[in-house]
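Novice: What follows is the file input32.cif, containing mmCIF, C-alpha atoms and all ligand atoms:
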```
data_input
loop_
_atom_site.label_atom_id
_atom_site.label_comp_id
_atom_site.auth_asym_id
_atom_site.auth_seq_id
_atom_site.Cartn_x
_atom_site.Cartn_y
_atom_site.Cartn_z
CA MET A 1 -119.36 11.54 -64.14
CA LYS A 2 -122.67 13.11 -65.00
CA ILE A 3 -125.02 13.59 -67.89
CA ILE A 4 -126.45 16.97 -68.80
CA ASN A 5 -129.79 16.98 -70.40
CA ALA A 6 -130.49 20.17 -72.40
CA PHE A 7 -130.93 21.79 -75.79
CA ARG A 8 -128.21 23.19 -78.00
CA TRP A 9 -127.75 25.07 -81.24
CA ASN A 10 -126.52 22.50 -83.73
CA GLU A 11 -126.20 22.81 -87.50
CA GLY A 12 -128.71 25.60 -87.72
CA TYR A 13 -131.32 24.20 -85.31
CA VAL A 14 -132.12 24.06 -81.62
CA GLN A 15 -131.93 20.36 -80.81
CA PRO A 16 -132.24 18.31 -77.64
CA CYS A 17 -129.00 16.74 -76.52
CA GLU A 18 -127.36 14.76 -73.75
CA ILE A 19 -123.79 15.41 -72.79
CA ARG A 20 -121.60 13.09 -70.71
CA ILE A 21 -119.04 14.90 -68.60
CA VAL A 22 -116.03 13.07 -67.22
CA ASP A 23 -113.47 14.95 -65.10
CA GLY A 24 -114.78 18.34 -66.23
CA VAL A 25 -114.46 17.50 -69.90
CA ILE A 26 -117.10 16.69 -72.53
CA ALA A 27 -116.73 12.94 -73.12
CA GLU A 28 -119.70 12.26 -75.34
CA ILE A 29 -122.62 14.06 -76.96
CA GLY A 30 -125.72 12.37 -78.28
CA HIS A 31 -129.45 12.52 -78.59
CA THR A 32 -129.97 9.91 -75.85
CA LEU A 33 -126.94 8.42 -74.18
CA SER A 34 -126.97 5.03 -72.48
CA LYS A 35 -126.78 5.76 -68.78
CA LYS A 36 -124.53 4.03 -66.34
CA GLU A 37 -126.19 3.23 -63.06
CA GLU A 38 -124.08 5.39 -60.79
CA GLU A 39 -124.28 8.37 -63.14
CA ALA A 40 -126.01 11.56 -61.98
CA ILE A 41 -128.36 13.39 -64.34
CA PHE A 42 -128.13 17.16 -64.44
CA ASP A 43 -131.53 17.98 -65.79
CA ALA A 44 -131.32 21.29 -67.64
CA GLU A 45 -134.04 20.21 -70.03
CA GLN A 46 -135.76 23.54 -70.21
CA THR A 47 -132.62 25.47 -71.05
CA LEU A 48 -130.39 26.08 -73.99
CA LEU A 49 -126.74 25.23 -73.71
CA ALA A 50 -124.05 27.56 -75.08
CA PRO A 51 -120.30 27.52 -74.57
CA GLY A 52 -119.43 29.92 -71.71
CA PHE A 53 -119.18 33.43 -73.18
CA THR A 54 -115.94 35.37 -73.54
CA ASP A 55 -115.80 39.14 -72.94
CA VAL A 56 -112.47 40.67 -73.91
CA HIS A 57 -113.38 44.13 -72.64
CA VAL A 58 -114.32 44.64 -69.00
CA HIS A 59 -113.25 46.88 -66.11
CA LEU A 60 -112.84 45.16 -62.74
CA ARG A 61 -111.47 48.22 -60.87
CA GLU A 62 -109.25 46.17 -58.54
CA PRO A 63 -106.67 47.27 -57.50
CA GLY A 64 -107.46 50.85 -56.52
CA GLY A 65 -111.17 51.23 -57.29
CA GLU A 66 -112.70 48.56 -55.05
CA HIS A 67 -115.66 50.80 -54.16
CA LYS A 68 -116.79 50.41 -57.80
CA GLU A 69 -116.03 46.69 -58.34
CA THR A 70 -113.63 43.97 -57.20
CA ILE A 71 -112.22 40.91 -58.90
CA GLU A 72 -114.68 38.89 -56.84
CA THR A 73 -117.83 40.93 -57.56
CA GLY A 74 -116.89 41.45 -61.22
CA THR A 75 -116.32 37.75 -61.85
CA ASN A 76 -119.57 36.96 -60.02
CA ALA A 77 -121.34 39.35 -62.40
CA ALA A 78 -119.58 37.60 -65.28
CA VAL A 79 -120.71 34.09 -64.40
CA LYS A 80 -124.22 35.34 -63.65
CA GLY A 81 -124.25 36.72 -67.20
CA GLY A 82 -123.02 33.42 -68.68
CA PHE A 83 -119.41 34.62 -69.18
CA THR A 84 -116.60 32.25 -68.24
CA THR A 85 -113.63 34.22 -69.61
CA ILE A 86 -113.16 37.96 -69.17
CA CYS A 87 -110.28 40.30 -69.93
CA PRO A 88 -109.96 43.29 -67.59
CA MET A 89 -108.54 46.59 -68.80
CA PRO A 90 -105.46 48.07 -67.15
CA ASN A 91 -106.91 51.47 -66.11
CA THR A 92 -106.56 50.52 -62.45
CA ASN A 93 -104.39 51.95 -59.69
CA PRO A 94 -101.66 50.87 -60.02
CA VAL A 95 -101.69 50.17 -63.75
CA PRO A 96 -100.24 46.74 -64.63
CA ASP A 97 -97.28 48.24 -66.51
CA SER A 98 -94.37 46.13 -65.20
CA GLU A 99 -93.65 42.45 -64.64
CA GLU A 100 -93.96 42.90 -60.85
CA LYS A 101 -97.34 44.61 -61.08
CA LEU A 102 -98.63 42.02 -63.53
CA GLU A 103 -97.46 39.24 -61.20
CA GLU A 104 -99.23 40.88 -58.24
CA LEU A 105 -102.40 41.22 -60.29
CA THR A 106 -102.15 37.61 -61.48
CA GLU A 107 -101.83 36.52 -57.85
CA MET A 108 -104.94 38.52 -56.84
CA ILE A 109 -106.84 36.96 -59.73
CA ARG A 110 -105.72 33.48 -58.71
CA GLU A 111 -107.04 34.08 -55.19
CA ARG A 112 -110.26 35.96 -55.92
CA ALA A 113 -111.62 35.23 -59.39
CA ASN A 114 -114.59 32.96 -60.00
CA CYS A 115 -113.93 32.49 -63.71
CA GLU A 116 -111.06 32.69 -66.16
CA VAL A 117 -109.54 36.20 -66.09
CA LEU A 118 -106.89 37.29 -68.61
CA PRO A 119 -105.64 40.75 -67.71
CA TYR A 120 -104.38 43.28 -70.24
CA VAL A 121 -101.18 45.21 -69.60
CA SER A 122 -100.64 48.80 -70.64
CA ILE A 123 -98.92 50.18 -73.73
CA THR A 124 -97.42 53.14 -71.86
CA LYS A 125 -96.26 53.51 -68.25
CA GLU A 126 -99.19 54.44 -66.01
CA GLN A 127 -101.15 54.88 -69.26
CA GLN A 128 -99.69 58.38 -69.39
CA GLY A 129 -98.79 58.21 -73.07
CA HIS A 130 -95.17 59.21 -72.43
CA GLU A 131 -93.02 56.11 -72.12
CA LEU A 132 -93.57 52.61 -73.49
CA THR A 133 -93.72 49.67 -71.10
CA ASP A 134 -91.17 46.85 -71.34
CA MET A 135 -93.35 44.88 -73.72
CA ARG A 136 -91.01 41.91 -73.99
CA ALA A 137 -90.76 41.48 -70.21
CA LEU A 138 -94.54 41.79 -69.91
CA LYS A 139 -95.06 39.14 -72.56
CA GLU A 140 -92.67 36.83 -70.75
CA ALA A 141 -94.60 37.47 -67.51
CA GLY A 142 -97.75 36.14 -69.21
CA ALA A 143 -99.47 39.17 -70.80
CA PHE A 144 -101.71 38.39 -73.77
CA ALA A 145 -102.26 41.88 -75.25
CA PHE A 146 -101.42 45.57 -74.75
CA THR A 147 -103.86 48.45 -74.37
CA ASP A 148 -104.18 51.89 -72.77
CA ASP A 149 -108.00 51.62 -72.73
CA GLY A 150 -109.68 54.52 -70.98
CA VAL A 151 -107.58 56.91 -73.00
CA GLY A 152 -106.31 57.06 -76.58
CA VAL A 153 -102.59 56.96 -77.39
CA GLN A 154 -102.27 60.56 -78.53
CA SER A 155 -98.88 60.48 -80.20
CA ALA A 156 -98.73 58.76 -83.60
CA ALA A 157 -94.99 58.22 -83.21
CA GLN A 158 -95.51 56.44 -79.92
CA MET A 159 -98.27 54.27 -81.34
CA LYS A 160 -95.99 53.32 -84.21
CA GLU A 161 -93.20 52.40 -81.81
CA ALA A 162 -95.61 50.30 -79.72
CA MET A 163 -96.89 48.51 -82.82
CA LYS A 164 -93.37 47.80 -84.04
CA LYS A 165 -92.47 46.13 -80.74
CA ALA A 166 -95.78 44.30 -80.46
CA SER A 167 -95.40 43.02 -84.00
CA GLN A 168 -91.96 41.56 -83.22
CA LEU A 169 -93.49 39.88 -80.16
CA HIS A 170 -96.56 38.66 -82.11
CA MET A 171 -98.83 40.44 -79.65
CA PRO A 172 -101.95 42.49 -80.42
CA VAL A 173 -102.24 46.22 -79.74
CA VAL A 174 -105.76 47.00 -78.56
CA ALA A 175 -106.85 50.60 -78.89
CA HIS A 176 -109.29 53.00 -77.32
CA CYS A 177 -109.52 55.37 -80.26
CA GLU A 178 -110.01 58.96 -79.26
CA ASP A 179 -108.17 62.05 -80.40
CA ASN A 180 -108.31 64.35 -77.38
CA SER A 181 -107.84 67.48 -79.47
CA LEU A 182 -111.13 66.66 -81.21
CA ALA A 183 -113.00 65.13 -78.26
CA GLY A 184 -112.23 68.09 -75.99
CA ASP A 185 -114.40 68.14 -72.89
CA GLY A 186 -117.37 66.54 -74.67
CA VAL A 187 -119.75 64.33 -72.71
CA VAL A 188 -122.28 63.17 -75.33
CA HIS A 189 -122.27 62.64 -79.10
CA GLU A 190 -121.75 65.85 -81.05
CA GLY A 191 -124.95 66.09 -83.05
CA ASP A 192 -128.65 66.12 -82.29
CA VAL A 193 -128.24 65.22 -78.61
CA SER A 194 -125.53 67.77 -77.77
CA LYS A 195 -127.69 70.50 -79.33
CA ARG A 196 -130.89 69.31 -77.71
CA LEU A 197 -129.43 69.12 -74.19
CA GLY A 198 -126.96 71.99 -74.58
CA LEU A 199 -124.01 69.77 -73.64
CA PRO A 200 -120.49 69.68 -75.10
CA GLY A 201 -120.18 67.04 -77.82
CA ILE A 202 -117.63 64.41 -78.86
CA PRO A 203 -117.55 64.28 -82.68
CA SER A 204 -117.48 60.92 -84.47
CA SER A 205 -114.25 62.05 -86.12
CA ALA A 206 -112.48 61.93 -82.71
CA GLU A 207 -112.72 58.13 -83.04
CA ALA A 208 -112.39 57.64 -86.81
CA VAL A 209 -109.29 59.84 -87.10
CA HIS A 210 -107.39 57.61 -84.65
CA ILE A 211 -108.50 54.44 -86.42
CA ALA A 212 -107.44 55.83 -89.81
CA ARG A 213 -104.05 56.80 -88.37
CA ASP A 214 -103.59 53.45 -86.69
CA VAL A 215 -104.53 51.20 -89.62
CA LEU A 216 -101.83 52.95 -91.65
CA LEU A 217 -99.35 52.32 -88.84
CA ALA A 218 -100.51 48.70 -88.57
CA ALA A 219 -99.86 48.30 -92.30
CA GLU A 220 -96.40 49.78 -91.88
CA THR A 221 -95.44 47.69 -88.85
CA GLY A 222 -97.32 44.44 -89.58
CA CYS A 223 -98.95 44.59 -86.16
CA HIS A 224 -102.30 43.00 -85.23
CA TYR A 225 -104.35 46.06 -84.35
CA HIS A 226 -107.67 45.67 -82.52
CA VAL A 227 -110.17 48.51 -82.16
CA CYS A 228 -112.19 48.77 -78.94
CA HIS A 229 -115.87 49.75 -78.78
CA VAL A 230 -116.44 51.07 -82.34
CA SER A 231 -119.27 53.62 -82.27
CA ALA A 232 -119.37 55.55 -85.56
CA LYS A 233 -120.22 54.94 -89.21
CA GLY A 234 -116.98 56.57 -90.40
CA SER A 235 -114.99 54.18 -88.20
CA VAL A 236 -116.76 51.16 -89.71
CA GLN A 237 -115.90 52.44 -93.19
CA VAL A 238 -112.23 52.90 -92.31
CA ILE A 239 -112.04 49.39 -90.83
CA ARG A 240 -113.83 47.89 -93.84
CA ASN A 241 -111.40 49.55 -96.25
CA ALA A 242 -108.40 48.50 -94.15
CA LYS A 243 -109.57 44.89 -94.10
CA GLN A 244 -110.07 44.97 -97.85
CA ALA A 245 -106.50 46.26 -98.19
CA GLY A 246 -105.27 43.22 -96.26
CA ILE A 247 -104.30 45.09 -93.07
CA HIS A 248 -104.48 42.98 -89.90
CA VAL A 249 -107.21 44.91 -88.11
CA THR A 250 -110.01 43.53 -85.94
CA ALA A 251 -112.78 45.31 -84.05
CA GLU A 252 -115.45 44.95 -81.39
CA VAL A 253 -118.79 46.64 -80.71
CA THR A 254 -120.77 46.87 -77.45
CA PRO A 255 -124.39 45.81 -76.88
CA HIS A 256 -125.35 49.38 -75.99
CA HIS A 257 -124.04 50.83 -79.24
CA LEU A 258 -126.01 48.17 -81.15
CA ILE A 259 -129.26 48.78 -79.26
CA LEU A 260 -129.31 52.45 -78.21
CA SER A 261 -128.64 55.75 -79.97
CA GLU A 262 -128.57 59.44 -79.06
CA LYS A 263 -132.38 59.38 -79.47
CA ASP A 264 -132.58 57.44 -76.20
CA VAL A 265 -130.74 60.19 -74.32
CA THR A 266 -133.77 62.31 -73.51
CA GLU A 267 -132.42 64.18 -70.47
CA ASP A 268 -129.25 64.98 -68.56
CA ASP A 269 -128.98 61.47 -67.08
CA ALA A 270 -125.48 60.05 -66.51
CA MET A 271 -126.79 56.48 -66.84
CA PHE A 272 -126.51 57.26 -70.55
CA LYS A 273 -122.97 58.61 -70.30
CA MET A 274 -120.30 56.35 -71.72
CA ASN A 275 -117.21 56.64 -73.86
CA PRO A 276 -117.56 56.48 -76.80
CA PRO A 277 -121.02 58.04 -76.55
CA LEU A 278 -124.28 56.77 -78.03
CA ARG A 279 -124.29 58.16 -81.56
CA SER A 280 -126.89 58.66 -84.28
CA GLU A 281 -129.40 56.14 -85.63
CA GLU A 282 -127.34 56.09 -88.83
CA ASP A 283 -124.22 55.17 -86.86
CA LYS A 284 -126.13 52.43 -85.05
CA ARG A 285 -127.31 50.95 -88.35
CA ALA A 286 -123.74 51.04 -89.70
CA LEU A 287 -122.50 49.15 -86.61
CA ILE A 288 -125.13 46.44 -87.05
CA GLU A 289 -124.31 46.15 -90.74
CA GLY A 290 -120.58 46.10 -89.96
CA LEU A 291 -121.03 43.28 -87.48
CA GLU A 292 -123.23 41.32 -89.86
CA ASP A 293 -120.81 41.63 -92.81
CA GLY A 294 -117.73 40.77 -90.70
CA THR A 295 -116.15 44.24 -90.67
CA ILE A 296 -116.65 44.18 -86.91
CA ASP A 297 -115.51 40.84 -85.56
CA PHE A 298 -117.43 40.36 -82.32
CA ILE A 299 -119.26 41.85 -79.34
CA ALA A 300 -117.65 42.95 -76.05
CA THR A 301 -119.48 44.67 -73.20
CA ASP A 302 -117.03 47.34 -71.95
CA HIS A 303 -118.51 46.60 -68.49
CA ALA A 304 -117.62 49.83 -66.66
CA PRO A 305 -118.99 49.84 -63.12
CA HIS A 306 -119.13 53.09 -61.12
CA ALA A 307 -120.44 53.97 -57.65
CA GLU A 308 -124.00 55.17 -57.23
CA ASP A 309 -123.08 58.67 -55.97
CA GLU A 310 -120.68 59.16 -58.91
CA LYS A 311 -123.38 58.35 -61.45
CA LYS A 312 -126.00 60.48 -59.67
CA GLN A 313 -124.12 63.56 -60.80
CA SER A 314 -124.89 65.47 -63.98
CA MET A 315 -123.63 64.42 -67.41
CA LYS A 316 -120.80 66.95 -67.11
CA GLU A 317 -119.56 65.65 -63.77
CA ALA A 318 -120.25 61.91 -63.74
CA PRO A 319 -117.62 59.43 -64.98
CA PHE A 320 -118.09 57.70 -68.35
CA GLY A 321 -119.27 54.09 -68.40
CA ILE A 322 -122.10 51.59 -67.90
CA THR A 323 -122.16 47.98 -66.68
CA GLY A 324 -122.72 45.17 -69.16
CA LEU A 325 -121.94 41.67 -67.94
CA GLU A 326 -125.35 40.85 -66.44
CA THR A 327 -127.43 42.34 -69.24
CA ALA A 328 -125.49 41.63 -72.45
CA PHE A 329 -126.89 38.27 -73.50
CA PRO A 330 -130.56 38.90 -72.58
CA LEU A 331 -130.54 42.30 -74.32
CA LEU A 332 -128.96 40.98 -77.50
CA TYR A 333 -131.11 37.84 -77.50
CA THR A 334 -134.30 39.87 -77.02
CA HIS A 335 -133.40 42.55 -79.51
CA PHE A 336 -131.90 40.51 -82.34
CA VAL A 337 -132.54 36.77 -81.93
CA ALA A 338 -136.11 36.70 -80.60
CA THR A 339 -137.06 39.13 -83.37
CA GLY A 340 -135.55 36.89 -86.05
CA LYS A 341 -132.84 39.34 -87.16
CA TRP A 342 -129.97 37.07 -86.12
CA SER A 343 -129.72 33.36 -85.59
CA LEU A 344 -128.83 32.08 -82.17
CA GLY A 345 -125.67 30.64 -83.72
CA GLN A 346 -124.55 34.09 -84.90
CA LEU A 347 -125.00 35.63 -81.46
CA ILE A 348 -123.21 32.78 -79.69
CA ALA A 349 -120.29 33.01 -82.16
CA TRP A 350 -119.98 36.79 -81.63
CA MET A 351 -119.80 36.18 -77.89
CA THR A 352 -117.36 33.28 -77.82
CA SER A 353 -115.72 31.69 -80.83
CA LYS A 354 -115.02 34.95 -82.68
CA PRO A 355 -113.32 36.87 -79.84
CA ARG A 356 -111.38 33.73 -78.88
CA LYS A 357 -110.16 33.34 -82.44
CA VAL A 358 -109.11 36.99 -82.74
CA PHE A 359 -107.01 36.70 -79.57
CA SER A 360 -105.74 33.15 -80.28
CA LEU A 361 -107.38 31.71 -77.16
CA ASN A 362 -108.28 28.01 -76.94
CA ARG A 363 -111.40 27.14 -78.85
CA ARG A 364 -114.48 26.69 -76.72
CA GLU A 365 -117.16 24.63 -78.45
CA ILE A 366 -119.70 22.05 -77.39
CA GLU A 367 -117.62 19.20 -78.76
CA PRO A 368 -115.98 16.12 -77.26
CA LEU A 369 -112.66 16.84 -75.50
CA HIS A 370 -113.60 20.48 -74.85
CA PRO A 371 -114.00 21.63 -71.24
CA ALA A 372 -117.52 21.36 -69.81
CA THR A 373 -117.73 25.15 -69.61
CA PHE A 374 -121.25 26.27 -70.38
CA ALA A 375 -123.91 28.93 -70.07
CA PHE A 376 -127.45 27.56 -69.63
CA ILE A 377 -130.00 29.97 -71.09
CA ASP A 378 -133.68 30.18 -70.22
CA VAL A 379 -135.37 31.11 -73.50
CA ARG A 380 -138.95 30.52 -72.30
CA ASN A 381 -139.45 33.08 -69.56
CA THR A 382 -139.10 36.84 -69.51
CA GLU A 383 -137.70 39.04 -66.80
CA VAL A 384 -137.52 42.76 -66.09
CA ILE A 385 -133.98 44.12 -65.68
CA ASP A 386 -133.62 45.38 -62.11
CA ARG A 387 -130.33 47.19 -61.62
CA HIS A 388 -130.60 46.82 -57.85
CA ALA A 389 -130.53 43.06 -58.28
CA PHE A 390 -127.12 43.11 -60.02
CA VAL A 391 -124.36 41.20 -58.26
CA SER A 392 -121.89 43.70 -59.73
CA LYS A 393 -121.19 46.63 -57.42
CA GLY A 394 -121.97 48.83 -60.43
CA LYS A 395 -125.71 49.45 -60.73
CA ASN A 396 -125.18 51.94 -63.55
CA THR A 397 -127.20 50.86 -66.55
CA PRO A 398 -129.50 52.66 -68.98
CA PHE A 399 -131.45 49.40 -69.41
CA ASP A 400 -133.19 49.31 -66.01
CA GLY A 401 -136.83 48.24 -66.34
CA ARG A 402 -136.49 46.63 -69.78
CA GLU A 403 -138.26 43.33 -70.31
CA VAL A 404 -135.90 40.66 -71.66
CA SER A 405 -135.78 36.96 -72.42
CA GLY A 406 -132.81 34.68 -73.03
CA ILE A 407 -131.68 34.77 -69.43
CA PRO A 408 -128.54 32.91 -68.30
CA VAL A 409 -129.70 30.81 -65.34
CA CYS A 410 -126.72 28.55 -64.71
CA THR A 411 -123.01 28.63 -65.53
CA MET A 412 -120.61 25.72 -65.41
CA ILE A 413 -116.82 25.81 -65.59
CA ASP A 414 -114.91 22.55 -66.10
CA GLY A 415 -117.99 20.59 -65.05
CA LYS A 416 -118.50 22.57 -61.82
CA THR A 417 -121.58 24.71 -61.34
CA VAL A 418 -120.41 28.24 -60.49
CA TRP A 419 -123.78 29.96 -60.80
CA LYS A 420 -127.30 28.62 -60.66
CA GLU A 421 -130.65 30.32 -60.34
CA TRP A 422 -133.10 27.48 -60.54
CA LYS A 423 -133.92 25.08 -57.73
CA GLU A 424 -132.71 21.52 -58.14
CA LYS A 425 -135.58 19.07 -58.43
N1 LIG B 1 -116.18 53.08 -71.51
C1 LIG B 1 -116.30 53.95 -70.57
O1 LIG B 1 -117.18 54.80 -70.66
N2 LIG B 1 -115.52 53.96 -69.48
C2 LIG B 1 -114.41 53.11 -69.21
C3 LIG B 1 -113.18 53.51 -69.98
C4 LIG B 1 -113.17 53.07 -71.42
O2 LIG B 1 -113.59 51.98 -71.78
O3 LIG B 1 -112.65 53.83 -72.25
C5 LIG B 1 -114.13 53.10 -67.72
O4 LIG B 1 -113.05 52.67 -67.29
O5 LIG B 1 -115.02 53.51 -66.96
ZN ZN B 2 -112.26 52.67 -73.94
ZN ZN B 3 -113.25 50.10 -71.56
#
```
Can you present the structure in this file as structure tokens?
Specialist:
Amino acid sequence: MKIINAFRWNEGYVQPCEIRIVDGVIAEIGHTLSKKEEEAIFDAEQTLLAPGFTDVHVHLREPGGEHKETIETGTNAAVKGGFTTICPMPNTNPVPDSEEKLEELTEMIRERANCEVLPYVSITKEQQGHELTDMRALKEAGAFAFTDDGVGVQSAAQMKEAMKKASQLHMPVVAHCEDNSLAGDGVVHEGDVSKRLGLPGIPSSAEAVHIARDVLLAAETGCHYHVCHVSAKGSVQVIRNAKQAGIHVTAEVTPHHLILSEKDVTEDDAMFKMNPPLRSEEDKRALIEGLEDGTIDFIATDHAPHAEDEKKQSMKEAPFGITGLETAFPLLYTHFVATGKWSLGQLIAWMTSKPRKVFSLNRREIEPLHPATFAFIDVRNTEVIDRHAFVSKGKNTPFDGREVSGIPVCTMIDGKTVWKEWKEK
């Protein structure tokens, strides 16, 4: 039994609160609780309490890419960033595309993870886009959603077949939307930046065309269709229209697409190379508007760690992707909450309750009977992002050197402290 002493966002205000935790569960919340003699006080007075964040789009690289990240280092990065649930993508080696491989992965997670990890399974075998996985068997083995993230499902017929099956199983299909015949060998957004740097571009239509195709298929099959990392204005419009037409479509956006644009890509620097690419200022504004009006449901990081020597290469050679778990909350807090554009409640909802609702995960609120699973946020001090200080193996971020506030300093799962940066008094 212990009492946490902190602040929380409650009914539109930041308010002091005390929370009694019994057996890892919130037993009581009040302004001042009567203390029992033997009860320990966990004094987090200076910090703001949020439910542990959920990130439904990360890459952990294990198995097969352990030089980039492991389940252990990736989940350490998660809890350092205030995340207590993460969902890793299946573009690993091997791909979790069968019951056996999912069971092996689940076993690795059980042994090595430091937070809740819900792994995706693939839509097609080895994510090759040729043959569908045994979706029923995968569901029975514990899968929660299907995706081929890393690559788009190129064949419309195959996507339709996948959606039909997923719909019968009441499982979501989660899509990386990219038409390869349009994206070609592009490495940055096709527009101002591709011209300026003389690099091959990826047009916005490469994304929007897939989303338009897929919302029609979702309407036909009745499937819950979720769009990964939306980056373009046209995509937001297609999703908005589909929602208005009553199609079951949901979508996510990354912190980097909300904060950066092609304008920030001033040289051939692979720290700014990710898929989808950073697009125009107009696209960025449409993403913010889409999130604010509910067209886009929530925020996910697309944490994509890569090794230092891989990202030292030129834009043309380096792999796509940047890390996100350790920078997401501070960047969004600094950019949107500290400036008064969003309320703290909005940001917290986009990082926990909204994604959990979309994927039918247990609710996670600061309410009695909920698990004592929290992020403690320091909103008083600022810090400079130092990529070399990341606990993730991936040091690849375009945000190095940025001053931020809203820093997660402690994370608790079921009443146990799994990360803490401040010294106990
Ligand atoms: N986003 C990226 O730029 N890269 C991801 C793949 C993906 O999310 O499509 C990766 O696995 O590195
Ligand atoms: Zn992707
Ligand atoms: Zn991804």
Novice: Which value, in Å to one decimal, gives the distance between CA of Ala6 in chain A and CA of Ala389 in chain A?
Specialist: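 Distance reported for this atom pair: 26.9 Å.
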Novice: Work out how far apart CA of Phe390 in chain A and CA of Thr54 in chain A are and give it in Å to one decimal.
Specialist: 19.2 Å
Novice: Find the residues near Gly82 in chain A: any atom within 12 Å, counting only C-alpha atoms, skip ones fewer than 3 places away on the same chain, and give them as a PyMOL selection string.
Specialist: chain A and resi 48-55+75-79+85-86+115+324-330+348+351-352+373-378+406-413+417-421
Novice: As a PyMOL selection string, please: the residues near Leu331 in chain A (cut-off 9 Å, all atoms listed in the file, same-chain neighbours under 4 positions excluded).
Specialist: chain A and resi 255-256+259+327+335-336+399+402-406
Novice: Rounded to one decimal in Å, what is the spacing between CA of Ala245 in chain A and CA of Thr295 in chain A?
Specialist: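 According to the coordinates, CA of Ala245 in chain A and CA of Thr295 in chain A are separated by 12.4 Å.
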Novice: Once you count only C-alpha atoms and all ligand atoms, which residues end up within 9 Å of ligand LIG 1 (chain B), and could you hand them over as an NGL selection string?
Specialist: :A and (57-61 or 89-92 or 148-152 or 176-177 or 228-229 or 273-277 or 302-306 or 319-322)
Novice: May I have the residues at most 10 Å from (-103.8, 51.1, -92.2) in the file's coordinates, counting all atoms listed in the file, as a ChimeraX atom specification?
Specialist: /A:211-222,225,238-239,241-243,245-249
Novice: In terms of the shortest atom-to-atom distance over only C-alpha atoms and all ligand atoms, which of A:His370, A:Lys311, A:His226, A:Arg364 is closest to ligand ZN 2 (chain B)?
Specialist: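 Between A:His370, A:Lys311, A:His226, A:Arg364, the residue approaching ligand ZN 2 (chain B) most closely is A:His226.
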Novice: Would you pick out the contacts of range 171-173 of chain A at 8 Å or less, using only C-alpha atoms, so that residues sharing its chain but fewer than 4 positions from it are not included, and give the list as JSON, numbers by chain?
Specialist: {"A": [123, 144, 145, 146, 147, 162, 163, 166, 167, 223, 224, 225, 226, 359]}
